[in-house]
Structure formats: C-alpha cells, structure tokens
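Visitor: You'll find protein-v9.txt just under this line, and it carries compact mmCIF, C-alpha atoms.
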# COMPACT_ATOMS: atom_id res chain seq x y z
CA MET A 1 7.31 16.18 64.62
CA PRO A 2 9.81 18.82 65.80
CA ILE A 3 12.31 20.72 63.69
CA LYS A 4 16.00 19.93 64.15
CA VAL A 5 18.10 23.04 64.94
CA TYR A 6 21.87 23.17 64.34
CA ASN A 7 24.52 24.84 66.47
CA PRO A 8 25.87 28.04 64.82
CA THR A 9 29.30 26.63 64.03
CA THR A 10 29.42 28.51 60.69
CA PRO A 11 27.43 31.43 59.21
CA ALA A 12 25.47 28.96 57.09
CA ARG A 13 24.62 26.79 60.09
CA ARG A 14 23.23 29.76 62.00
CA GLY A 15 19.50 29.64 61.43
CA MET A 16 19.63 26.42 59.39
CA THR A 17 17.03 23.81 60.33
CA SER A 18 16.06 20.40 58.97
CA GLN A 19 13.36 17.82 59.40
CA ASP A 20 13.37 15.30 62.21
CA THR A 21 13.58 11.95 60.44
CA SER A 22 12.85 9.83 63.51
CA GLU A 23 9.55 8.66 61.98
CA ILE A 24 11.35 7.15 58.96
CA THR A 25 11.83 3.43 59.62
CA THR A 26 14.07 2.48 56.67
CA ARG A 27 16.49 4.16 54.29
CA LYS A 28 16.36 1.46 51.61
CA PRO A 29 13.41 1.72 49.15
CA LEU A 30 11.76 -1.29 47.58
CA LYS A 31 13.59 -1.91 44.30
CA SER A 32 10.52 -3.18 42.43
CA LEU A 33 8.67 0.09 43.11
CA THR A 34 11.47 2.46 42.04
CA ARG A 35 12.50 3.68 38.62
CA SER A 36 15.49 5.66 37.40
CA LYS A 37 14.78 9.34 36.88
CA LYS A 38 16.49 11.33 34.16
CA GLN A 39 17.42 14.92 34.99
CA GLN A 40 15.35 17.20 32.71
CA ALA A 41 16.67 20.49 34.16
CA GLY A 42 13.34 22.30 33.73
CA ARG A 43 12.93 21.34 30.07
CA ASN A 44 9.87 19.95 28.31
CA ASN A 45 9.74 17.09 25.81
CA THR A 46 11.10 19.32 23.01
CA GLY A 47 14.11 20.43 25.03
CA ARG A 48 12.92 23.98 25.68
CA ILE A 49 13.35 25.44 29.18
CA THR A 50 9.87 25.86 30.65
CA THR A 51 10.96 26.31 34.28
CA ARG A 52 14.02 28.47 34.78
CA HIS A 53 16.74 28.11 37.42
CA ARG A 54 16.75 24.32 37.49
CA GLY A 55 19.62 21.89 37.03
CA GLY A 56 22.25 19.88 38.83
CA GLY A 57 21.39 18.46 42.21
CA VAL A 58 21.76 14.97 43.61
CA LYS A 59 20.58 11.94 41.68
CA ARG A 60 17.14 10.58 42.57
CA HIS A 61 15.08 7.49 41.92
CA TYR A 62 11.36 7.85 41.37
CA ARG A 63 8.98 5.96 43.68
CA LEU A 64 5.89 4.48 42.03
CA LEU A 65 2.96 5.53 44.24
CA ASN A 66 -0.47 3.95 43.99
CA HIS A 67 -2.99 6.82 44.08
CA ASN A 68 -5.89 4.60 43.00
CA LEU A 69 -6.27 1.73 45.48
CA ALA A 70 -8.77 -0.95 44.48
CA ASP A 71 -11.85 -1.57 46.61
CA GLY A 72 -11.69 -4.24 49.27
CA LEU A 73 -7.97 -4.03 49.94
CA LYS A 74 -6.65 -4.58 53.45
CA LEU A 75 -3.19 -3.04 53.69
CA THR A 76 -0.62 -3.38 56.47
CA VAL A 77 1.97 -0.63 56.91
CA GLU A 78 5.46 -2.17 56.86
CA GLU A 79 7.73 0.89 56.55
CA ILE A 80 7.61 4.69 56.54
CA GLU A 81 10.06 6.03 53.97
CA TYR A 82 11.57 9.28 52.70
CA ASP A 83 10.69 10.28 49.14
CA PRO A 84 13.08 12.78 47.48
CA ASN A 85 10.46 13.65 44.86
CA ARG A 86 7.79 15.06 47.19
CA SER A 87 7.45 16.90 50.48
CA ALA A 88 5.35 14.20 52.15
CA ARG A 89 6.53 10.88 53.54
CA ILE A 90 5.42 7.64 51.88
CA ALA A 91 4.34 4.35 53.41
CA ARG A 92 5.26 0.90 52.11
CA VAL A 93 2.16 -1.25 52.54
CA LYS A 94 1.37 -4.89 51.79
CA ASP A 95 -2.13 -6.06 50.89
CA GLN A 96 -3.81 -9.35 51.71
CA HIS A 97 -2.62 -10.81 48.37
CA GLY A 98 1.04 -10.18 49.18
CA THR A 99 1.44 -7.24 46.78
CA TYR A 100 3.42 -4.19 47.87
CA HIS A 101 2.29 -0.60 47.27
CA TYR A 102 3.59 2.87 48.04
CA ILE A 103 0.98 5.34 49.34
CA LEU A 104 1.10 8.77 50.95
CA ALA A 105 1.77 8.57 54.68
CA ASP A 106 -0.46 10.61 57.00
CA THR A 107 0.17 11.72 60.55
CA SER A 108 -1.36 8.58 62.09
CA MET A 109 0.52 5.94 60.09
CA GLN A 110 3.08 3.73 61.81
CA LYS A 111 4.45 0.23 61.37
CA GLY A 112 1.81 -2.48 61.82
CA LYS A 113 -1.21 -0.27 61.20
CA VAL A 114 -3.97 -1.84 59.06
CA ILE A 115 -5.61 0.32 56.37
CA GLN A 116 -8.77 -0.44 54.39
CA SER A 117 -10.04 0.84 51.06
CA GLY A 118 -13.56 0.71 49.65
CA ALA A 119 -17.08 1.84 50.48
CA ASN A 120 -17.39 -0.59 53.39
CA SER A 121 -14.26 0.65 55.17
CA ALA A 122 -14.49 1.94 58.73
CA ILE A 123 -14.52 5.69 59.36
CA GLU A 124 -10.97 5.78 60.70
CA ALA A 125 -7.80 7.72 59.88
CA SER A 126 -5.88 6.51 56.78
CA ASN A 127 -8.82 4.52 55.38
CA ARG A 128 -9.89 5.37 51.83
CA LEU A 129 -13.56 5.48 50.82
CA PRO A 130 -16.05 7.51 48.72
CA LEU A 131 -17.06 10.97 49.90
CA GLU A 132 -20.69 9.85 50.26
CA ASN A 133 -19.59 7.46 53.04
CA ILE A 134 -17.49 10.03 54.92
CA PRO A 135 -19.21 12.10 57.65
CA VAL A 136 -19.51 15.87 57.22
CA GLY A 137 -16.75 17.76 59.04
CA THR A 138 -14.08 15.08 58.52
CA GLN A 139 -10.57 16.09 57.48
CA ILE A 140 -9.51 14.38 54.25
CA TYR A 141 -6.61 14.31 51.76
CA ALA A 142 -5.64 12.67 48.44
CA ILE A 143 -8.94 13.52 46.73
CA GLU A 144 -9.93 12.34 43.27
CA ILE A 145 -11.29 14.79 40.69
CA ASN A 146 -13.03 12.16 38.56
CA PRO A 147 -14.11 8.72 39.82
CA GLY A 148 -11.40 6.12 39.22
CA SER A 149 -8.76 8.62 38.09
CA GLY A 150 -6.72 8.39 41.30
CA ALA A 151 -5.87 11.03 43.89
CA LYS A 152 -4.98 14.39 42.36
CA MET A 153 -5.59 17.02 45.04
CA VAL A 154 -4.36 17.70 48.62
CA ARG A 155 -1.18 15.61 48.50
CA ALA A 156 1.53 17.95 49.86
CA ALA A 157 3.10 17.64 53.31
CA GLY A 158 0.78 18.81 56.07
CA ALA A 159 -2.11 19.40 53.65
CA LYS A 160 -5.71 18.72 54.63
CA ALA A 161 -9.17 19.53 53.34
CA GLN A 162 -12.50 19.44 55.16
CA LEU A 163 -15.77 17.93 53.99
CA MET A 164 -18.26 20.76 54.58
CA ALA A 165 -21.62 19.51 53.23
CA LYS A 166 -23.38 17.16 50.82
CA GLU A 167 -26.11 18.31 48.47
CA GLY A 168 -27.54 17.25 45.14
CA GLY A 169 -25.06 14.52 44.31
CA TYR A 170 -22.07 16.70 45.17
CA ALA A 171 -19.91 17.25 48.23
CA LEU A 172 -18.65 20.68 49.24
CA VAL A 173 -14.99 20.53 50.29
CA ARG A 174 -12.95 23.36 51.75
CA MET A 175 -9.48 23.15 50.21
CA PRO A 176 -6.20 24.08 51.96
CA SER A 177 -6.21 27.41 50.06
CA GLY A 178 -9.60 28.34 51.52
CA GLU A 179 -11.44 27.65 48.27
CA VAL A 180 -14.72 25.76 48.61
CA ARG A 181 -15.15 23.33 45.76
CA ARG A 182 -17.68 20.75 44.58
CA PHE A 183 -16.72 17.10 44.12
CA ARG A 184 -18.90 14.22 43.02
CA LEU A 185 -19.99 12.01 45.90
CA ASP A 186 -18.60 8.89 44.23
CA VAL A 187 -14.97 10.11 44.16
CA THR A 188 -12.72 8.69 46.86
CA ALA A 189 -10.52 10.34 49.48
CA SER A 190 -8.42 9.29 52.46
CA ILE A 191 -9.25 10.33 56.01
CA GLY A 192 -6.66 12.31 57.95
CA VAL A 193 -3.86 14.83 57.40
CA VAL A 194 -0.80 14.31 55.17
CA GLY A 195 2.30 13.70 57.29
CA ASN A 196 5.51 15.71 57.68
CA VAL A 197 3.53 18.76 58.82
CA GLN A 198 6.65 20.75 59.77
CA HIS A 199 8.01 20.74 56.21
CA GLN A 200 7.08 24.39 55.63
CA ASN A 201 9.10 25.51 58.65
CA VAL A 202 12.45 24.17 57.43
CA LYS A 203 15.06 26.89 56.70
CA ILE A 204 17.51 26.01 53.93
CA GLY A 205 20.30 28.10 55.46
CA SER A 206 23.03 27.73 52.80
CA ALA A 207 23.38 28.18 49.05
CA GLY A 208 24.98 24.74 48.62
CA ARG A 209 21.98 23.02 50.16
CA LYS A 210 19.75 24.78 47.63
CA ARG A 211 21.98 23.64 44.76
CA ARG A 212 21.85 20.03 45.95
CA LYS A 213 18.08 20.28 45.62
CA GLY A 214 18.57 21.07 41.93
CA ILE A 215 17.72 24.79 42.18
CA ARG A 216 20.04 27.31 40.56
CA PRO A 217 20.44 30.97 41.64
CA THR A 218 17.92 33.60 40.56
CA VAL A 219 19.05 37.08 39.52
CA ARG A 220 16.59 39.95 40.13
CA GLY A 221 15.46 41.89 37.10
CA VAL A 222 16.06 45.30 38.72
CA VAL A 223 19.81 44.69 38.86
CA MET A 224 20.03 43.87 35.14
CA ASN A 225 20.59 46.18 32.21
CA ALA A 226 17.59 47.59 30.40
CA ALA A 227 18.40 45.41 27.41
CA ASP A 228 18.12 42.25 29.49
CA HIS A 229 14.93 42.79 31.50
CA PRO A 230 11.93 45.18 31.61
CA HIS A 231 12.89 46.05 35.19
CA GLY A 232 16.50 46.84 34.29
CA GLY A 233 18.28 50.12 33.74
CA GLY A 234 18.30 53.32 35.76
CA ASP A 235 20.99 55.20 37.62
CA GLY A 236 21.27 53.01 40.71
CA GLY A 237 19.19 52.61 43.84
CA ARG A 238 15.60 51.49 43.96
CA HIS A 239 13.79 52.20 40.74
CA GLY A 240 10.99 50.97 38.62
CA SER A 241 8.59 50.66 41.55
CA GLY A 242 5.87 52.36 39.54
CA LYS A 243 5.95 49.73 36.81
CA PRO A 244 3.80 46.61 36.97
CA PRO A 245 6.03 43.51 37.40
CA ARG A 246 6.81 41.65 34.21
CA THR A 247 8.70 38.58 33.03
CA PRO A 248 12.00 38.91 31.14
CA TRP A 249 9.92 38.73 27.93
CA GLY A 250 7.58 41.56 28.92
CA GLN A 251 4.51 39.57 29.99
CA LEU A 252 2.64 40.69 33.11
CA THR A 253 3.41 38.45 36.06
CA LEU A 254 2.19 38.96 39.65
CA GLY A 255 -1.58 39.22 39.71
CA TYR A 256 -1.87 38.23 36.06
CA ARG A 257 -4.39 35.43 35.61
CA THR A 258 -2.93 32.40 33.86
CA ARG A 259 -5.64 29.82 34.61
CA ARG A 260 -6.67 28.06 31.43
CA ARG A 261 -9.00 25.28 32.62
CA LYS A 262 -12.13 27.43 32.64
CA SER A 263 -14.31 24.31 32.30
CA THR A 264 -13.78 23.46 35.98
CA ASN A 265 -14.71 26.93 37.24
CA LYS A 266 -18.29 25.74 37.65
CA MET A 267 -17.13 23.46 40.47
CA ILE A 268 -15.81 26.39 42.55
CA VAL A 269 -18.42 27.55 45.06
CA ARG A 270 -16.26 30.06 46.93
CA SER A 271 -13.01 31.45 45.54
CA ARG A 272 -9.88 31.45 47.62
CA HIS A 273 -9.74 35.21 47.02
CA GLU A 274 -13.09 35.95 48.68
CA ALA A 275 -11.54 36.76 52.09
CA LYS A 276 -9.16 39.25 50.43
CA ARG A 277 -11.97 41.00 48.57
CA LYS A 278 -13.92 41.67 51.77
CA ARG A 279 -11.05 43.62 53.36
Output the structure of this file as structure tokens.
Guide:
Amino acid sequence: MPIKVYNPTTPARRGMTSQDTSEITTRKPLKSLTRSKKQQAGRNNTGRITTRHRGGGVKRHYRLLNHNLADGLKLTVEEIEYDPNRSARIARVKDQHGTYHYILADTSMQKGKVIQSGANSAIEASNRLPLENIPVGTQIYAIEINPGSGAKMVRAAGAKAQLMAKEGGYALVRMPSGEVRRFRLDVTASIGVVGNVQHQNVKIGSAGRKRRKGIRPTVRGVVMNAADHPHGGGDGGRHGSGKPPRTPWGQLTLGYRTRRRKSTNKMIVRSRHEAKRKR
C-alpha cells in the first residue's frame, strides 16, 4: 500500500503524507459492534492524569473486536474498515451462523475471503489455529499469552512475529522487537502479517493534525525554569547535558527500568537488548 503525498501548497502540506485508503471498502461501521467512547484525556479511573499531553481531538466510537474466535468457525470477509482507535485496519466478517465479528485485518484479507479458526484449519494466511499446528518458520500475529484469553501480542499495523522452534511443550517465537519468547503450544495465533504496513511512514506535517488526534503540545524541560523542571534553569544555550534525564518530578527516565511483571521474565529466551550488548 503506497503513501499518499500532497502538493506543497502550504508550509504544512510540504512533507505531509497520509495513508492510501483504497483498501477500505466502507466508511460506515456496523452499529451493533460499536460503542460510544468517553474522552478520558489521559486520566485514570480516579481522575488523575497518568498520561500527559492528551485531550481534545475528534470524537470516536469504539469498535468491539473479537480477539478470541471460537473453534470451528468459518468466517467470510464482508468489509475492510478503518478503526480510529488502532493503527491496523479491521475486517467485518460473518460466520456460518450469521453472526458478525470484527477482527484484525492482515495484508491478505479482501472481500469474499473465507477464514477458518480451530486446530483443524488449513495452514493458510488469516486462519487462526494453535501454535502446535503451525509449521516452524511461519509468520504469525495476534498471539495469545494464556490459552483462551484472546490475542494480546503483535496487533499493531505491519507487525509480525516468527515461529522459530518447538521444544518441551513450548514454542519459541521471535517478536517484532527482536526478543525471543516462549509461548505454550496450545495458545492460538493467526497466520500472516497485520495490514496497513505503511503506517509508520506517515508524516503528520501540521500541528492541527496532531491536535485532531487528541495529542496536545509538549514543552521541553530544558526551556523551563529551574523551579518547574530538573532540566530547567541556566543562562541560555544548551545546558544540562551532563545530567541524566529525569521526569518533571525528578525520577530517572530514559534507560530507567520500569518493568514490573517480573513473573513473565522466565518466558524470555533472548532479550531484545542482546544485539545492542554485543556492539
């Protein structure tokens, strides 16, 4: 899918690019699979701001995706749709019982394609089956962490993982980050690559476009006063380069480990930092 380039009619248009939406077949979502979405502006359930620089933006409706397809379903792709809540495209599919579902759309999905789920599914793109039934070397996405919990990993636009090996009841999967991780053989995954692969190459181009996405401006700490940020103060020019970077509240930031789920470290075979350490 190519990137759409604009003519430089204004300074903002110069360098601005957007996605080619030719693969999207409808602009009207299925009403039964959408819900209203309240703007939280980066706040948690107690009203505290947990993610700064959020707010405003266009109104959105949330699409209810099915990340845990039942076994034995035979789904027919009816539409490829845009989802404002994620980078990937979604597919509207209808099973043999007449029920509609939204699922992640991969690069091979198009109207009329038939998708299967379950252990007896064919080894073809878009089909969903357990890792023990998928050949080694296959590219996969939408991977479960625990059996029956639904897809949790490798769901962003253009993302893909690779099934590297199977040993001792576990599968070794190379993640998009380069990390090699163990998964149980009975967890399910879809075959293929998540669609909208050119998403990362889009250039926003203008401040207004960023605001419509619900992202507010960010002010650098080095241009603040010393009372407002650990990086602030000084007599002008570049300064503070010798200090380790910190948050506005003084906590170490870049390079500071914040991972809390240490219980899953045992599933990591090769860290995504290994290549950096060898340099």
Visitor: Can you pull out every residue within 12 Å of Asn120 of chain A, counting only C-alpha atoms, but drop anything in the same chain fewer than 6 positions away, and send it as a PyMOL selection string?
Guide: chain A and resi 71-74+127-130+132-134
Visitor: What does the distance from atom CA of Gly242 of chain A to atom CA of Thr258 of chain A come to in Å, to one decimal?
Guide: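 So the answer is 22.5 Å.
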Visitor: So how many Å separate atom CA of Pro230 of chain A and atom CA of Lys243 of chain A, to one decimal?
Guide: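 Computed distance, atom CA of Pro230 of chain A to atom CA of Lys243 of chain A, equals 9.1 Å.
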Visitor: For Val114 of chain A, which residue among A:Val136, A:Val77, A:Met164, A:Val194 is the nearest when counting only C-alpha atoms?
Guide: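 Of A:Val136, A:Val77, A:Met164, A:Val194, the one nearest Val114 of chain A, counting only C-alpha atoms, is A:Val77.
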Visitor: At most 12 Å from (17.2, 45.4, 37.6), file frame, all atoms listed in the file: which residues, as a list in words?
Guide: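 These residues have at least one counted atom within 12 Å: Val219, Arg220, Gly221, Val222, Val223, Met224, Asn225, Ala226, Ala227, Asp228, His229, Pro230, His231, Gly232, Gly233, Gly234, Asp235, Gly236, Gly237, Arg238, His239, Gly240, Ser241, Pro245, Arg246, Thr247 and Pro248 of chain A.
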Visitor: Rounded to one decimal place, report the atom CA of Leu163 of chain A-atom CA of Gly137 of chain A distance in Å.
Guide: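 Taking atom CA of Leu163 of chain A as the start and atom CA of Gly137 of chain A as the end point, the length is 5.1 Å.
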Visitor: Please determine the residues with any atom at most 8 Å from (-13.2, 24.1, 49.5) (coordinates as given in the file, with all atoms listed in the file counting) and report them as a list in words.
Guide: Ala161, Gln162, Met164, Leu172, Val173, Arg174, Met175, Pro176, Ser177, Gly178, Glu179, Val180, Arg181, Arg182, Ile268, Val269 and Arg270 of chain A
Visitor: Write a file of the selected residues as a PDB file, in the coordinates of the input, keeping C-alpha atoms.
Guide:
ATOM      1  CA  ALA A 161      -9.170  19.530  53.340  1.00  0.00           C
ATOM      2  CA  GLN A 162     -12.500  19.440  55.160  1.00  0.00           C
ATOM      3  CA  MET A 164     -18.260  20.760  54.580  1.00  0.00           C
ATOM      4  CA  LEU A 172     -18.650  20.680  49.240  1.00  0.00           C
ATOM      5  CA  VAL A 173     -14.990  20.530  50.290  1.00  0.00           C
ATOM      6  CA  ARG A 174     -12.950  23.360  51.750  1.00  0.00           C
ATOM      7  CA  MET A 175      -9.480  23.150  50.210  1.00  0.00           C
ATOM      8  CA  PRO A 176      -6.200  24.080  51.960  1.00  0.00           C
ATOM      9  CA  SER A 177      -6.210  27.410  50.060  1.00  0.00           C
ATOM     10  CA  GLY A 178      -9.600  28.340  51.520  1.00  0.00           C
ATOM     11  CA  GLU A 179     -11.440  27.650  48.270  1.00  0.00           C
ATOM     12  CA  VAL A 180     -14.720  25.760  48.610  1.00  0.00           C
ATOM     13  CA  ARG A 181     -15.150  23.330  45.760  1.00  0.00           C
ATOM     14  CA  ARG A 182     -17.680  20.750  44.580  1.00  0.00           C
ATOM     15  CA  ILE A 268     -15.810  26.390  42.550  1.00  0.00           C
ATOM     16  CA  VAL A 269     -18.420  27.550  45.060  1.00  0.00           C
ATOM     17  CA  ARG A 270     -16.260  30.060  46.930  1.00  0.00           C
TER      18      ARG A 270
END
Visitor: Counting all atoms listed in the file, which residue out of A:Pro135, A:Gly15, A:Gly150, A:Gly112 sits closest to Lys94 of chain A?
Guide: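 Smallest distance to Lys94 of chain A is found for A:Gly112.
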Visitor: Report as JSON, numbers by chain all protein, DNA and RNA residues lying within 12 Å of Val58 of chain A, evaluated on all atoms listed in the file, omitting residues in the same chain fewer than 5 positions from it.
Guide: {"A": [37, 38, 39, 84, 85, 208, 209, 210, 211, 212, 213, 214, 215]}
Visitor: Using all atoms listed in the file, which residues sit within 9 Å of Leu104 of chain A once same-chain residues fewer than 5 positions away are excluded, as a list in words?
Guide: Leu65, Asn66, His67, Ala88, Arg89, Ile90, Ala91, Arg92, Ala142, Arg155, Val194 and Gly195 of chain A
Visitor: Return the single residue from A:Tyr256, A:Ala165, A:Leu75, A:Glu23 that is closest to His97 of chain A, with distances computed using only C-alpha atoms.
Guide: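 For His97 of chain A, the nearest of the given residues is A:Leu75.
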Visitor: Of the candidates A:Lys31, A:Lys203, A:Arg260, A:Lys4, which shows the shortest atom-to-atom distance to Gln19 of chain A, using only C-alpha atoms?
Guide: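 Counting only C-alpha atoms, the residue closest to Gln19 of chain A is A:Lys4.
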Visitor: Of the candidates A:Val93, A:Val202, A:Ala171, A:Ala151, which one gets nearest to Met16 of chain A if we count all atoms listed in the file?
Guide: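 Looking only at the distances to Met16 of chain A, the closest residue turns out to be A:Val202.
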Visitor: Using only C-alpha atoms, which of A:Arg272, A:Lys262, A:Arg13, A:His61 sits nearest Arg86 of chain A?
Guide: A:His61
Visitor: Pull segment 106-130 of chain A out of the block and emit N, CA and C atoms, as a CSV table (one decimal), in the first residue's frame.
Guide:
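The file below, out_1.csv, is the result:
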chain,number,residue,atom,x,y,z
A,106,ASP,N,-5.3,-8.5,8.1
A,106,ASP,CA,-3.9,-8.7,7.6
A,106,ASP,C,-3.8,-8.3,6.2
A,107,THR,N,-2.6,-8.5,5.7
A,107,THR,CA,-2.3,-8.0,4.3
A,107,THR,C,-2.9,-8.8,3.2
A,108,SER,N,-3.4,-10.0,3.5
A,108,SER,CA,-4.0,-10.8,2.5
A,108,SER,C,-5.5,-10.8,2.5
A,109,MET,N,-6.2,-10.1,3.4
A,109,MET,CA,-7.6,-10.1,3.5
A,109,MET,C,-8.2,-9.1,2.5
A,110,GLN,N,-9.3,-9.6,1.9
A,110,GLN,CA,-10.1,-8.8,0.9
A,110,GLN,C,-11.5,-9.4,0.9
A,111,LYS,N,-12.4,-8.6,0.4
A,111,LYS,CA,-13.8,-9.0,0.4
A,111,LYS,C,-14.0,-10.4,-0.3
A,112,GLY,N,-14.8,-11.3,0.4
A,112,GLY,CA,-15.1,-12.6,-0.1
A,112,GLY,C,-14.2,-13.7,0.4
A,113,LYS,N,-13.1,-13.3,1.0
A,113,LYS,CA,-12.1,-14.3,1.5
A,113,LYS,C,-12.7,-15.1,2.7
A,114,VAL,N,-12.5,-16.4,2.7
A,114,VAL,CA,-13.0,-17.3,3.8
A,114,VAL,C,-11.9,-17.6,4.7
A,115,ILE,N,-12.2,-17.4,6.0
A,115,ILE,CA,-11.2,-17.6,7.1
A,115,ILE,C,-11.7,-18.7,8.0
A,116,GLN,N,-10.8,-19.5,8.5
A,116,GLN,CA,-11.2,-20.6,9.4
A,116,GLN,C,-10.4,-20.4,10.8
A,117,SER,N,-11.1,-20.9,11.8
A,117,SER,CA,-10.4,-20.9,13.1
A,117,SER,C,-10.6,-22.3,13.8
A,118,GLY,N,-9.5,-22.7,14.5
A,118,GLY,CA,-9.6,-24.1,15.1
A,118,GLY,C,-8.4,-24.9,14.7
A,119,ALA,N,-8.1,-26.0,15.5
A,119,ALA,CA,-7.0,-26.8,15.2
A,119,ALA,C,-7.0,-27.5,13.9
A,120,ASN,N,-8.1,-27.7,13.3
A,120,ASN,CA,-8.2,-28.4,12.0
A,120,ASN,C,-8.2,-27.4,10.8
A,121,SER,N,-7.9,-26.2,11.1
A,121,SER,CA,-7.9,-25.2,10.0
A,121,SER,C,-6.7,-25.4,9.1
A,122,ALA,N,-6.8,-25.0,7.8
A,122,ALA,CA,-5.7,-25.2,6.9
A,122,ALA,C,-4.6,-24.2,7.2
A,123,ILE,N,-3.4,-24.5,6.8
A,123,ILE,CA,-2.2,-23.7,7.0
A,123,ILE,C,-2.2,-22.6,5.9
A,124,GLU,N,-3.0,-21.6,6.1
A,124,GLU,CA,-3.2,-20.5,5.1
A,124,GLU,C,-3.2,-19.2,5.8
A,125,ALA,N,-2.9,-18.1,5.1
A,125,ALA,CA,-2.9,-16.8,5.7
A,125,ALA,C,-4.3,-16.4,6.2
A,126,SER,N,-4.3,-15.8,7.3
A,126,SER,CA,-5.5,-15.3,8.0
A,126,SER,C,-6.2,-16.4,8.9
A,127,ASN,N,-5.9,-17.6,8.7
A,127,ASN,CA,-6.5,-18.7,9.5
A,127,ASN,C,-5.9,-18.6,10.9
A,128,ARG,N,-6.7,-19.0,11.9
A,128,ARG,CA,-6.3,-19.0,13.3
A,128,ARG,C,-6.3,-20.4,13.9
A,129,LEU,N,-5.2,-20.8,14.5
A,129,LEU,CA,-5.0,-22.1,15.0
A,129,LEU,C,-3.9,-22.2,16.1
A,130,PRO,N,-3.9,-23.3,16.8
A,130,PRO,CA,-2.8,-23.4,17.9
A,130,PRO,C,-1.4,-23.4,17.3
